[in-house]
$ cat coords_15.cif   # mmCIF, C-alpha atoms and all ligand atoms
data_input
#
loop_
_atom_site.group_PDB
_atom_site.id
_atom_site.type_symbol
_atom_site.label_atom_id
_atom_site.label_comp_id
_atom_site.auth_asym_id
_atom_site.auth_seq_id
_atom_site.Cartn_x
_atom_site.Cartn_y
_atom_site.Cartn_z
ATOM 1 C CA MET A 81 15.485 26.475 11.248
ATOM 2 C CA SER A 82 12.743 24.798 9.217
ATOM 3 C CA THR A 83 9.312 23.671 10.370
ATOM 4 C CA ILE A 84 8.503 20.026 9.693
ATOM 5 C CA LEU A 85 4.772 19.259 9.820
ATOM 6 C CA LEU A 86 3.636 15.685 10.391
ATOM 7 C CA ALA A 87 0.071 15.648 9.046
ATOM 8 C CA THR A 88 -1.751 12.333 9.115
ATOM 9 C CA GLU A 89 -5.483 11.822 8.771
ATOM 10 C CA LYS A 90 -4.863 8.192 9.844
ATOM 11 C CA ALA A 91 -2.602 8.722 12.858
ATOM 12 C CA PHE A 92 0.666 6.960 13.582
ATOM 13 C CA SER A 93 0.954 5.229 16.972
ATOM 14 C CA LYS A 94 1.646 7.445 19.981
ATOM 15 C CA ASP A 95 5.114 5.959 20.394
ATOM 16 C CA ALA A 96 5.950 6.534 16.724
ATOM 17 C CA VAL A 97 4.898 10.194 16.957
ATOM 18 C CA GLU A 98 7.025 10.681 20.082
ATOM 19 C CA ARG A 99 10.027 9.157 18.364
ATOM 20 C CA ILE A 100 9.587 11.176 15.164
ATOM 21 C CA LYS A 101 9.268 14.335 17.304
ATOM 22 C CA LYS A 102 12.472 13.462 19.143
ATOM 23 C CA VAL A 103 14.387 12.973 15.872
ATOM 24 C CA VAL A 104 13.262 16.401 14.666
ATOM 25 C CA GLU A 105 13.901 18.128 17.995
ATOM 26 C CA ASN A 106 17.398 16.627 18.157
ATOM 27 C CA SER A 107 18.126 18.358 14.861
ATOM 28 C CA SER A 108 18.074 22.093 14.293
ATOM 29 C CA HIS A 109 14.462 21.995 13.081
ATOM 30 C CA ARG A 110 11.007 22.517 14.550
ATOM 31 C CA PHE A 111 8.282 19.847 14.857
ATOM 32 C CA GLN A 112 4.590 20.507 14.195
ATOM 33 C CA LEU A 113 1.778 17.936 14.452
ATOM 34 C CA LEU A 114 -1.671 17.564 12.924
ATOM 35 C CA GLU A 115 -3.304 14.188 13.562
ATOM 36 C CA ASN A 116 -6.702 12.661 12.872
ATOM 37 C CA TYR A 117 -7.836 15.819 11.104
ATOM 38 C CA ALA A 118 -11.435 15.705 9.968
ATOM 39 C CA ASN A 119 -11.371 18.013 6.955
ATOM 40 C CA LYS A 120 -8.940 19.417 4.459
ATOM 41 C CA LYS A 121 -9.233 22.951 5.832
ATOM 42 C CA ASP A 122 -7.349 21.824 8.950
ATOM 43 C CA LEU A 123 -4.491 20.637 6.740
ATOM 44 C CA LEU A 124 -4.532 23.866 4.695
ATOM 45 C CA ASP A 125 -4.326 25.903 7.917
ATOM 46 C CA ALA A 126 -1.583 23.772 9.441
ATOM 47 C CA VAL A 127 0.637 23.770 6.340
ATOM 48 C CA LYS A 128 0.798 27.599 6.179
ATOM 49 C CA ASN A 129 4.059 27.877 8.088
ATOM 50 C CA ALA A 130 5.564 24.510 7.165
ATOM 51 C CA ASP A 131 8.778 24.144 5.174
ATOM 52 C CA ALA A 132 8.400 20.365 5.030
ATOM 53 C CA LEU A 133 5.508 17.972 5.241
ATOM 54 C CA ILE A 134 5.282 14.305 6.214
ATOM 55 C CA VAL A 135 2.095 12.545 5.073
ATOM 56 C CA ARG A 136 0.681 9.032 4.722
ATOM 57 C CA SER A 137 -2.198 8.540 2.242
ATOM 58 C CA ASP A 138 -3.233 12.153 2.787
ATOM 59 C CA ILE A 139 -4.062 14.008 -0.419
ATOM 60 C CA ALA A 140 -1.322 16.514 -1.226
ATOM 61 C CA ASP A 141 -2.520 18.520 -4.214
ATOM 62 C CA ILE A 142 -2.290 22.042 -5.612
ATOM 63 C CA GLU A 143 -4.526 23.412 -2.835
ATOM 64 C CA VAL A 144 -2.059 22.143 -0.253
ATOM 65 C CA PHE A 145 0.927 23.504 -2.201
ATOM 66 C CA ASP A 146 -0.754 26.907 -2.580
ATOM 67 C CA ALA A 147 -1.539 27.042 1.132
ATOM 68 C CA GLY A 148 1.961 25.908 2.052
ATOM 69 C CA LYS A 149 3.877 28.709 0.387
ATOM 70 C CA ASN A 150 7.120 27.757 2.168
ATOM 71 C CA LEU A 151 6.971 24.047 1.306
ATOM 72 C CA LYS A 152 10.237 22.736 -0.115
ATOM 73 C CA ILE A 153 9.833 19.023 0.486
ATOM 74 C CA ILE A 154 7.062 16.486 1.099
ATOM 75 C CA VAL A 155 7.845 12.954 2.211
ATOM 76 C CA ARG A 156 5.210 10.270 1.883
ATOM 77 C CA ALA A 157 5.940 8.025 4.891
ATOM 78 C CA GLY A 158 5.272 4.857 2.933
ATOM 79 C CA ALA A 159 5.671 3.387 -0.520
ATOM 80 C CA GLY A 160 2.886 4.535 -2.867
ATOM 81 C CA TYR A 161 2.792 8.266 -3.637
ATOM 82 C CA ASP A 162 -0.283 8.304 -5.878
ATOM 83 C CA ASN A 163 -1.884 10.610 -3.275
ATOM 84 C CA ILE A 164 0.547 13.378 -4.242
ATOM 85 C CA ASP A 165 0.117 15.502 -7.364
ATOM 86 C CA ILE A 166 3.665 15.033 -8.626
ATOM 87 C CA LYS A 167 3.298 17.266 -11.679
ATOM 88 C CA ALA A 168 1.977 20.219 -9.674
ATOM 89 C CA ALA A 169 4.615 19.691 -6.977
ATOM 90 C CA THR A 170 7.393 19.660 -9.573
ATOM 91 C CA GLU A 171 6.069 22.891 -11.095
ATOM 92 C CA LYS A 172 6.200 24.434 -7.624
ATOM 93 C CA ASN A 173 9.752 23.133 -7.195
ATOM 94 C CA ILE A 174 8.747 20.955 -4.242
ATOM 95 C CA CYS A 175 10.865 17.847 -3.758
ATOM 96 C CA ILE A 176 8.791 14.672 -3.275
ATOM 97 C CA MET A 177 10.178 11.535 -1.623
ATOM 98 C CA ASN A 178 8.818 8.257 -0.324
ATOM 99 C CA THR A 179 10.323 5.818 2.191
ATOM 100 C CA PRO A 180 10.502 2.575 0.201
ATOM 101 C CA GLY A 181 10.617 -0.680 2.146
ATOM 102 C CA GLN A 182 9.980 0.846 5.573
ATOM 103 C CA ASN A 183 6.463 -0.546 5.953
ATOM 104 C CA ALA A 184 6.861 -3.513 3.583
ATOM 105 C CA ASN A 185 6.916 -6.273 6.183
ATOM 106 C CA ALA A 186 3.748 -4.919 7.814
ATOM 107 C CA VAL A 187 1.890 -5.019 4.503
ATOM 108 C CA ALA A 188 3.177 -8.515 3.688
ATOM 109 C CA GLU A 189 2.136 -9.887 7.097
ATOM 110 C CA CYS A 190 -1.328 -8.357 6.687
ATOM 111 C CA CYS A 191 -1.561 -9.791 3.180
ATOM 112 C CA PHE A 192 -0.540 -13.257 4.328
ATOM 113 C CA GLY A 193 -2.889 -13.087 7.323
ATOM 114 C CA MET A 194 -5.845 -12.325 5.062
ATOM 115 C CA MET A 195 -4.870 -15.186 2.739
ATOM 116 C CA LEU A 196 -4.868 -17.582 5.694
ATOM 117 C CA TYR A 197 -8.121 -16.116 7.010
ATOM 118 C CA ILE A 198 -10.015 -16.640 3.751
ATOM 119 C CA SER A 199 -8.528 -20.105 3.190
ATOM 120 C CA ARG A 200 -9.873 -21.091 6.640
ATOM 121 C CA LYS A 201 -13.272 -19.584 5.818
ATOM 122 C CA HIS A 202 -13.096 -16.722 8.312
ATOM 123 C CA PHE A 203 -12.597 -19.346 11.053
ATOM 124 C CA ASP A 204 -16.378 -19.746 11.039
ATOM 125 C CA GLY A 205 -16.367 -23.378 12.145
ATOM 126 C CA SER A 206 -16.633 -24.904 8.666
ATOM 127 C CA THR A 207 -13.907 -26.846 6.843
ATOM 128 C CA GLY A 208 -11.286 -24.739 5.089
ATOM 129 C CA THR A 209 -8.193 -25.511 3.035
ATOM 130 C CA GLU A 210 -4.467 -25.435 3.774
ATOM 131 C CA LEU A 211 -1.864 -23.232 2.152
ATOM 132 C CA ARG A 212 0.897 -25.863 2.017
ATOM 133 C CA GLY A 213 1.371 -27.041 -1.560
ATOM 134 C CA LYS A 214 -0.826 -24.283 -3.014
ATOM 135 C CA LYS A 215 0.470 -21.876 -5.597
ATOM 136 C CA LEU A 216 0.880 -18.172 -4.878
ATOM 137 C CA GLY A 217 1.440 -15.705 -7.720
ATOM 138 C CA ILE A 218 2.886 -12.320 -6.860
ATOM 139 C CA ILE A 219 2.331 -9.454 -9.267
ATOM 140 C CA GLY A 220 4.969 -6.816 -8.547
ATOM 141 C CA TYR A 221 8.070 -8.271 -6.920
ATOM 142 C CA GLY A 222 9.356 -5.322 -4.909
ATOM 143 C CA ASN A 223 9.917 -4.973 -1.163
ATOM 144 C CA ILE A 224 6.426 -6.184 -0.178
ATOM 145 C CA GLY A 225 6.330 -8.952 -2.786
ATOM 146 C CA ARG A 226 9.613 -10.353 -1.499
ATOM 147 C CA PHE A 227 8.450 -10.423 2.126
ATOM 148 C CA MET A 228 5.198 -12.041 1.014
ATOM 149 C CA ALA A 229 7.176 -14.708 -0.860
ATOM 150 C CA GLN A 230 9.387 -15.405 2.183
ATOM 151 C CA ILE A 231 6.461 -15.850 4.572
ATOM 152 C CA SER A 232 4.470 -17.962 2.108
ATOM 153 C CA LYS A 233 7.407 -20.218 1.355
ATOM 154 C CA GLY A 234 7.691 -20.792 5.117
ATOM 155 C CA PHE A 235 4.167 -22.207 4.911
ATOM 156 C CA GLY A 236 5.188 -24.583 2.107
ATOM 157 C CA MET A 237 3.615 -22.642 -0.745
ATOM 158 C CA ASP A 238 4.941 -22.736 -4.267
ATOM 159 C CA VAL A 239 5.640 -19.111 -5.242
ATOM 160 C CA SER A 240 5.979 -17.488 -8.648
ATOM 161 C CA ALA A 241 6.231 -13.784 -9.397
ATOM 162 C CA TYR A 242 5.929 -11.264 -12.187
ATOM 163 C CA LYS A 243 8.178 -8.200 -12.243
ATOM 164 C CA ARG A 244 8.195 -5.540 -14.940
ATOM 165 C CA ASN A 245 11.987 -5.437 -15.089
ATOM 166 C CA PRO A 246 12.702 -8.992 -14.035
ATOM 167 C CA ASP A 247 15.847 -10.277 -12.419
ATOM 168 C CA PRO A 248 15.286 -14.033 -12.821
ATOM 169 C CA VAL A 249 18.553 -14.938 -11.097
ATOM 170 C CA ALA A 250 17.653 -12.950 -7.959
ATOM 171 C CA MET A 251 14.160 -14.472 -7.965
ATOM 172 C CA ARG A 252 15.525 -17.994 -8.218
ATOM 173 C CA ILE A 253 17.911 -17.278 -5.333
ATOM 174 C CA ASP A 254 14.762 -16.359 -3.336
ATOM 175 C CA GLY A 255 13.240 -19.705 -4.375
ATOM 176 C CA VAL A 256 10.641 -17.942 -6.532
ATOM 177 C CA SER A 257 9.811 -18.919 -10.139
ATOM 178 C CA PRO A 258 9.861 -15.977 -12.533
ATOM 179 C CA SER A 259 6.670 -15.557 -14.548
ATOM 180 C CA GLY A 260 6.427 -13.799 -17.905
ATOM 181 C CA SER A 261 2.972 -12.252 -17.713
ATOM 182 C CA PHE A 262 -0.068 -11.392 -15.609
ATOM 183 C CA GLU A 263 -1.974 -13.984 -17.682
ATOM 184 C CA GLU A 264 0.393 -16.769 -16.704
ATOM 185 C CA ILE A 265 0.082 -15.866 -13.010
ATOM 186 C CA PHE A 266 -3.726 -15.806 -13.141
ATOM 187 C CA GLU A 267 -3.903 -19.092 -15.051
ATOM 188 C CA THR A 268 -1.588 -21.037 -12.802
ATOM 189 C CA CYS A 269 -1.988 -19.701 -9.256
ATOM 190 C CA ASP A 270 -4.514 -20.490 -6.516
ATOM 191 C CA TYR A 271 -3.795 -17.141 -4.865
ATOM 192 C CA VAL A 272 -2.847 -13.993 -6.761
ATOM 193 C CA SER A 273 -1.432 -11.152 -4.686
ATOM 194 C CA LEU A 274 -1.104 -7.638 -6.114
ATOM 195 C CA HIS A 275 1.868 -5.433 -5.277
ATOM 196 C CA ILE A 276 1.879 -2.916 -8.111
ATOM 197 C CA PRO A 277 1.600 0.874 -7.838
ATOM 198 C CA ALA A 278 -1.415 2.816 -9.118
ATOM 199 C CA VAL A 279 0.031 4.479 -12.220
ATOM 200 C CA ALA A 280 -1.427 5.218 -15.649
ATOM 201 C CA ASP A 281 -0.861 1.753 -17.108
ATOM 202 C CA THR A 282 -1.924 -0.255 -14.036
ATOM 203 C CA MET A 283 -5.268 1.498 -13.443
ATOM 204 C CA GLY A 284 -7.972 -1.142 -13.909
ATOM 205 C CA ALA A 285 -5.318 -3.566 -15.172
ATOM 206 C CA ILE A 286 -6.840 -6.457 -13.210
ATOM 207 C CA ASN A 287 -9.835 -6.909 -15.465
ATOM 208 C CA TYR A 288 -12.413 -9.482 -16.482
ATOM 209 C CA SER A 289 -10.148 -11.168 -19.010
ATOM 210 C CA LEU A 290 -7.547 -11.868 -16.323
ATOM 211 C CA LEU A 291 -10.019 -12.769 -13.590
ATOM 212 C CA THR A 292 -11.724 -15.430 -15.747
ATOM 213 C CA ARG A 293 -8.381 -17.264 -15.884
ATOM 214 C CA LEU A 294 -8.297 -17.951 -12.134
ATOM 215 C CA PRO A 295 -8.418 -21.676 -11.384
ATOM 216 C CA VAL A 296 -11.380 -23.120 -9.474
ATOM 217 C CA GLY A 297 -11.388 -21.678 -5.944
ATOM 218 C CA GLY A 298 -8.960 -18.923 -6.922
ATOM 219 C CA THR A 299 -8.449 -15.938 -4.596
ATOM 220 C CA LEU A 300 -7.398 -12.402 -5.465
ATOM 221 C CA ILE A 301 -5.551 -10.502 -2.723
ATOM 222 C CA ASN A 302 -5.282 -6.740 -3.066
ATOM 223 C CA THR A 303 -3.075 -4.793 -0.684
ATOM 224 C CA ALA A 304 -1.917 -2.533 -3.512
ATOM 225 C CA ARG A 305 -4.498 0.060 -4.532
ATOM 226 C CA LEU A 306 -8.233 -0.020 -5.181
ATOM 227 C CA GLU A 307 -7.719 1.518 -8.608
ATOM 228 C CA VAL A 308 -5.610 -1.316 -10.047
ATOM 229 C CA VAL A 309 -8.606 -3.669 -9.950
ATOM 230 C CA ASN A 310 -11.581 -3.067 -12.234
ATOM 231 C CA GLU A 311 -14.187 -3.429 -9.502
ATOM 232 C CA ASP A 312 -17.143 -3.922 -11.848
ATOM 233 C CA ASP A 313 -15.280 -6.769 -13.553
ATOM 234 C CA LEU A 314 -14.466 -8.295 -10.177
ATOM 235 C CA ILE A 315 -18.129 -8.160 -9.147
ATOM 236 C CA LYS A 316 -19.135 -9.664 -12.498
ATOM 237 C CA ILE A 317 -16.799 -12.646 -12.196
ATOM 238 C CA MET A 318 -17.757 -13.219 -8.543
ATOM 239 C CA GLU A 319 -21.419 -13.234 -9.597
ATOM 240 C CA GLU A 320 -20.719 -15.689 -12.404
ATOM 241 C CA ARG A 321 -18.417 -17.963 -10.409
ATOM 242 C CA ASN A 322 -19.213 -18.640 -6.788
ATOM 243 C CA ASP A 323 -15.808 -20.264 -6.228
ATOM 244 C CA ILE A 324 -13.831 -17.010 -6.561
ATOM 245 C CA LYS A 325 -12.788 -15.065 -3.458
ATOM 246 C CA TYR A 326 -11.436 -11.600 -2.821
ATOM 247 C CA VAL A 327 -9.541 -10.157 0.137
ATOM 248 C CA SER A 328 -8.195 -6.650 0.450
ATOM 249 C CA ASP A 329 -6.835 -4.379 3.159
ATOM 250 C CA PHE A 330 -9.291 -1.641 2.156
ATOM 251 C CA MET A 331 -13.005 -1.468 1.405
ATOM 252 C CA PRO A 332 -14.166 -1.853 -2.179
ATOM 253 C CA LYS A 333 -16.045 1.192 -3.519
ATOM 254 C CA LYS A 334 -19.189 -0.906 -3.947
ATOM 255 C CA ALA A 335 -18.891 -2.603 -0.547
ATOM 256 C CA ASP A 336 -22.685 -2.917 -0.283
ATOM 257 C CA ILE A 337 -22.731 -5.287 -3.250
ATOM 258 C CA PHE A 338 -19.976 -7.408 -1.724
ATOM 259 C CA LYS A 339 -21.828 -7.515 1.607
ATOM 260 C CA GLU A 340 -25.097 -8.439 -0.023
ATOM 261 C CA LYS A 341 -23.903 -10.973 -2.580
ATOM 262 C CA PHE A 342 -20.613 -12.521 -1.550
ATOM 263 C CA THR A 343 -20.967 -13.020 2.238
ATOM 264 C CA ASN A 344 -18.085 -15.313 3.265
ATOM 265 C CA ARG A 345 -16.182 -15.060 -0.064
ATOM 266 C CA TRP A 346 -14.553 -11.744 0.696
ATOM 267 C CA PHE A 347 -12.947 -9.713 3.453
ATOM 268 C CA ALA A 348 -11.868 -6.089 3.867
ATOM 269 C CA PRO A 349 -11.354 -3.895 6.954
ATOM 270 C CA ALA A 350 -13.025 -0.482 7.230
ATOM 271 C CA LYS A 351 -9.731 1.456 6.898
ATOM 272 C CA LYS A 352 -6.598 0.604 4.928
ATOM 273 C CA MET A 353 -4.708 -1.534 7.403
ATOM 274 C CA GLY A 354 -1.697 -3.034 5.633
ATOM 275 C CA ALA A 355 0.927 -0.687 7.060
ATOM 276 C CA GLN A 356 -0.784 -0.110 10.393
ATOM 277 C CA THR A 357 1.752 -1.596 12.823
ATOM 278 C CA GLU A 358 3.865 0.024 15.538
ATOM 279 C CA GLU A 359 7.012 -1.042 13.714
ATOM 280 C CA ALA A 360 5.943 0.293 10.309
ATOM 281 C CA ASN A 361 4.793 3.593 11.866
ATOM 282 C CA VAL A 362 8.162 4.013 13.578
ATOM 283 C CA ASN A 363 10.249 2.894 10.594
ATOM 284 C CA ALA A 364 8.445 4.959 7.946
ATOM 285 C CA GLY A 365 7.939 8.017 10.171
ATOM 286 C CA ILE A 366 11.530 8.219 11.379
ATOM 287 C CA ALA A 367 12.871 7.563 7.876
ATOM 288 C CA ALA A 368 10.723 10.435 6.586
ATOM 289 C CA ALA A 369 11.949 12.810 9.308
ATOM 290 C CA ARG A 370 15.604 11.878 8.704
ATOM 291 C CA GLN A 371 15.235 12.287 4.937
ATOM 292 C CA ILE A 372 13.869 15.802 5.468
ATOM 293 C CA ILE A 373 16.617 16.750 7.923
ATOM 294 C CA ASN A 374 19.286 15.459 5.517
ATOM 295 C CA PHE A 375 17.636 17.359 2.679
ATOM 296 C CA PHE A 376 17.806 20.653 4.581
ATOM 297 C CA ASP A 377 21.182 20.102 6.250
ATOM 298 C CA LYS A 378 23.120 18.278 3.506
ATOM 299 C CA GLY A 379 21.124 18.763 0.300
ATOM 300 C CA ASP A 380 20.556 14.983 0.214
ATOM 301 C CA THR A 381 17.914 14.037 -2.357
ATOM 302 C CA THR A 382 18.107 10.251 -2.085
ATOM 303 C CA PHE A 383 14.551 8.848 -2.502
ATOM 304 C CA LYS A 384 13.424 11.865 -4.541
ATOM 305 C CA VAL A 385 10.729 10.674 -6.980
ATOM 306 C CA ASN A 386 10.133 13.834 -9.047
HETATM 307 C C1 LIG B 1 1.904 2.566 1.319
HETATM 308 O O1 LIG B 1 1.770 2.934 0.144
HETATM 309 O O2 LIG B 1 2.956 2.779 1.936
HETATM 310 C C2 LIG B 1 0.808 1.804 1.989
HETATM 311 O O3 LIG B 1 -0.308 1.707 1.172
HETATM 312 C C3 LIG B 1 0.437 2.329 3.362
HETATM 313 O O4 LIG B 1 -0.396 3.443 3.343
HETATM 314 P P1 LIG B 1 -0.790 4.198 4.698
HETATM 315 O O5 LIG B 1 0.415 4.880 5.230
HETATM 316 O O6 LIG B 1 -1.848 5.168 4.307
HETATM 317 O O7 LIG B 1 -1.310 3.177 5.672
#

$ encode --input "coords_15.cif" --output "structure tokens"
Amino acid sequence: MSTILLATEKAFSKDAVERIKKVVENSSHRFQLLENYANKKDLLDAVKNADALIVRSDIADIEVFDAGKNLKIIVRAGAGYDNIDIKAATEKNICIMNTPGQNANAVAECCFGMMLYISRKHFDGSTGTELRGKKLGIIGYGNIGRFMAQISKGFGMDVSAYKRNPDPVAMRIDGVSPSGSFEEIFETCDYVSLHIPAVADTMGAINYSLLTRLPVGGTLINTARLEVVNEDDLIKIMEERNDIKYVSDFMPKKADIFKEKFTNRWFAPAKKMGAQTEEANVNAGIAAARQIINFFDKGDTTFKVN
């Protein structure tokens, strides 16, 4: 019998936790819970007896691996696993997985909602603009990008997308125009939505040179990661051009500058909200639990990323 610890600083919904617990308890394994923990020490204490760990954006680094001497697997209940030190985990022979696609619709709906919200000027009573007929450029055409394209096309938007390893035929079947570069997307789209992971070559990739290409009134939407946008460059272009807008499902590092200078040209919630729905909590959490159970019971390593 293995102990599976669900440790989330940003808690899943009550129902999701109950359902994850039930999945574990219906197997031959033990369930342990640590929610809303305030400091890392709580995580280090809780992980001591765990054989497996389920996390969200929680930092899983060498300290956690050293404290969790029995850890054999960590599943990031979500898509991006930049919060996990993959190299250190691999050295410790800990299997790392994610649950791709499970929270994708939640993120896409949040992304679309923010696009609508900014186009209607925060519903502040003044005149906004419509999305129909506008051009949306998607950078990173994975699970979230595809949902975003579907919803936006339903609103009559013209969608193009950039993908590192493109499949132009599949994109055209989705009614999406393939684009060859970030530059082309920025030059031609009214709204640019980011759906790329935070990895070495995407850190700060959205820089001044790209941002200057946005057409008049252009909006950048970031539900990917803070690190993929060069925040100083974003501030610079928003200072130089008062037509540019920015929405994100997490606070910029220099939020005070945004609050002071850009008033109704930006929006971001206090906590990362993209995946925060009942459905995404249930889907990603249960997928994570099942992946761990299958790993222990059948040696299944589908979704292993290291
Ligand atoms: C993800 O990578 O899956 C999303 O960014 C969601 O992150 P969260 O689980 O911390 O909300």

$ resolve_selection --input "coords_15.cif" --expression "the PyMOL selection byres (((not hetatm)) within 9 of (chain B and resi 1))" --output "ChimeraX atom specification"
/A:88-90,92,135-138,156-162,178-184,187,277,303-305,351-356,360-361,364

$ resolve_selection --input "coords_15.cif" --expression "the PyMOL selection byres (((chain A and resi 279) around 12) and not hetatm)" --output "MDAnalysis selection string"
chainID A and resid 160:164 166 276:278 280:285 304:308

$ residues_around --input "coords_15.cif" --residues "Asn129 of chain A" --least-positions-apart "4" --cutoff "8 Å" --atoms "all atoms listed in the file" --output "compact mmCIF listing (two decimals) with C-alpha atoms, in the coordinates of the input"
# COMPACT_ATOMS: atom_id res chain seq x y z
CA THR A 83 9.31 23.67 10.37
CA GLY A 148 1.96 25.91 2.05
CA LYS A 149 3.88 28.71 0.39
CA ASN A 150 7.12 27.76 2.17

$ axis_aligned_box --input "coords_15.cif" --around "segment 356-365 of chain A" --padding-each-side "4 Å" --output "JSON"
{"center_x": 4.7, "center_y": 3.2, "center_z": 11.7, "size_x": 19.0, "size_y": 17.6, "size_z": 15.6}

$ residues_near_point --input "coords_15.cif" --point "(17.6, 17.6, 3.2)" --cutoff "12 Å" --atoms "all atoms listed in the file" --output "ChimeraX atom specification"
/A:82,84,107-109,131-132,152-155,175-177,368-384

$ resolve_selection --input "coords_15.cif" --expression "the PyMOL selection byres (((chain A and resi 112) around 12) and not hetatm)" --output "PyMOL selection string"
chain A and resi 82-88+97-98+100-102+104-105+109-111+113-115+123+126-134+369

$ write_last_selection --input "coords_15.cif" --atoms "C-alpha atoms" --output "tab-separated table (two decimals), in the frame of the given file"
chain	number	residue	atom	x	y	z
A	82	SER	CA	12.74	24.80	9.22
A	83	THR	CA	9.31	23.67	10.37
A	84	ILE	CA	8.50	20.03	9.69
A	85	LEU	CA	4.77	19.26	9.82
A	86	LEU	CA	3.64	15.68	10.39
A	87	ALA	CA	0.07	15.65	9.05
A	88	THR	CA	-1.75	12.33	9.12
A	97	VAL	CA	4.90	10.19	16.96
A	98	GLU	CA	7.02	10.68	20.08
A	100	ILE	CA	9.59	11.18	15.16
A	101	LYS	CA	9.27	14.34	17.30
A	102	LYS	CA	12.47	13.46	19.14
A	104	VAL	CA	13.26	16.40	14.67
A	105	GLU	CA	13.90	18.13	18.00
A	109	HIS	CA	14.46	22.00	13.08
A	110	ARG	CA	11.01	22.52	14.55
A	111	PHE	CA	8.28	19.85	14.86
A	113	LEU	CA	1.78	17.94	14.45
A	114	LEU	CA	-1.67	17.56	12.92
A	115	GLU	CA	-3.30	14.19	13.56
A	123	LEU	CA	-4.49	20.64	6.74
A	126	ALA	CA	-1.58	23.77	9.44
A	127	VAL	CA	0.64	23.77	6.34
A	128	LYS	CA	0.80	27.60	6.18
A	129	ASN	CA	4.06	27.88	8.09
A	130	ALA	CA	5.56	24.51	7.16
A	131	ASP	CA	8.78	24.14	5.17
A	132	ALA	CA	8.40	20.36	5.03
A	133	LEU	CA	5.51	17.97	5.24
A	134	ILE	CA	5.28	14.30	6.21
A	369	ALA	CA	11.95	12.81	9.31

$ closest_atom_pairs --input "coords_15.cif" --of "segment 246-361 of chain A" --to "segment 222-239 of chain A" --cutoff "12 Å" --atoms "only C-alpha atoms" --output "tab-separated table"
residue	atom	partner	partner_atom	distance
A:Pro246	CA	A:Gly222	CA	10.4
A:Asp247	CA	A:Gly222	CA	11.1
A:Ala250	CA	A:Arg226	CA	10.6
A:Met251	CA	A:Arg226	CA	8.9
A:Arg252	CA	A:Val239	CA	10.4
A:Ile253	CA	A:Arg226	CA	11.5
A:Asp254	CA	A:Gln230	CA	7.8
A:Gly255	CA	A:Val239	CA	7.7
A:Val256	CA	A:Val239	CA	5.3
A:Ser257	CA	A:Val239	CA	6.4
A:Pro258	CA	A:Val239	CA	9.0
A:Ser259	CA	A:Val239	CA	10.0
A:Ile265	CA	A:Val239	CA	10.1
A:Thr268	CA	A:Val239	CA	10.6
A:Cys269	CA	A:Val239	CA	8.6
A:Asp270	CA	A:Asp238	CA	10.0
A:Tyr271	CA	A:Val239	CA	9.6
A:Val272	CA	A:Val239	CA	10.0
A:Ser273	CA	A:Gly225	CA	8.3
A:Leu274	CA	A:Gly225	CA	8.3
A:His275	CA	A:Gly225	CA	6.2
A:Ile276	CA	A:Gly222	CA	8.5
A:Pro277	CA	A:Gly222	CA	10.4
A:Ile301	CA	A:Met228	CA	11.5
A:Asn302	CA	A:Gly225	CA	11.8
A:Thr303	CA	A:Ile224	CA	9.6
A:Ala304	CA	A:Ile224	CA	9.7
A:Gly354	CA	A:Ile224	CA	10.5
A:Ala355	CA	A:Ile224	CA	10.6

$ closest_residue --input "coords_15.cif" --among "A:Arg321, A:Asp329, A:Glu359, A:Lys201" --to "Lys341 of chain A" --atoms "all atoms listed in the file"
A:Arg321

$ residues_near_point --input "coords_15.cif" --point "(-15.2, -9.5, 2.9)" --cutoff "12 Å" --atoms "only C-alpha atoms" --output "number ranges by chain"
A: 194-195, 197-198, 201-202, 299-302, 325-332, 334-350

$ atom_distance --input "coords_15.cif" --atom1 "atom CA of Gly260 of chain A" --atom2 "atom CA of Thr209 of chain A"
28.1 Å
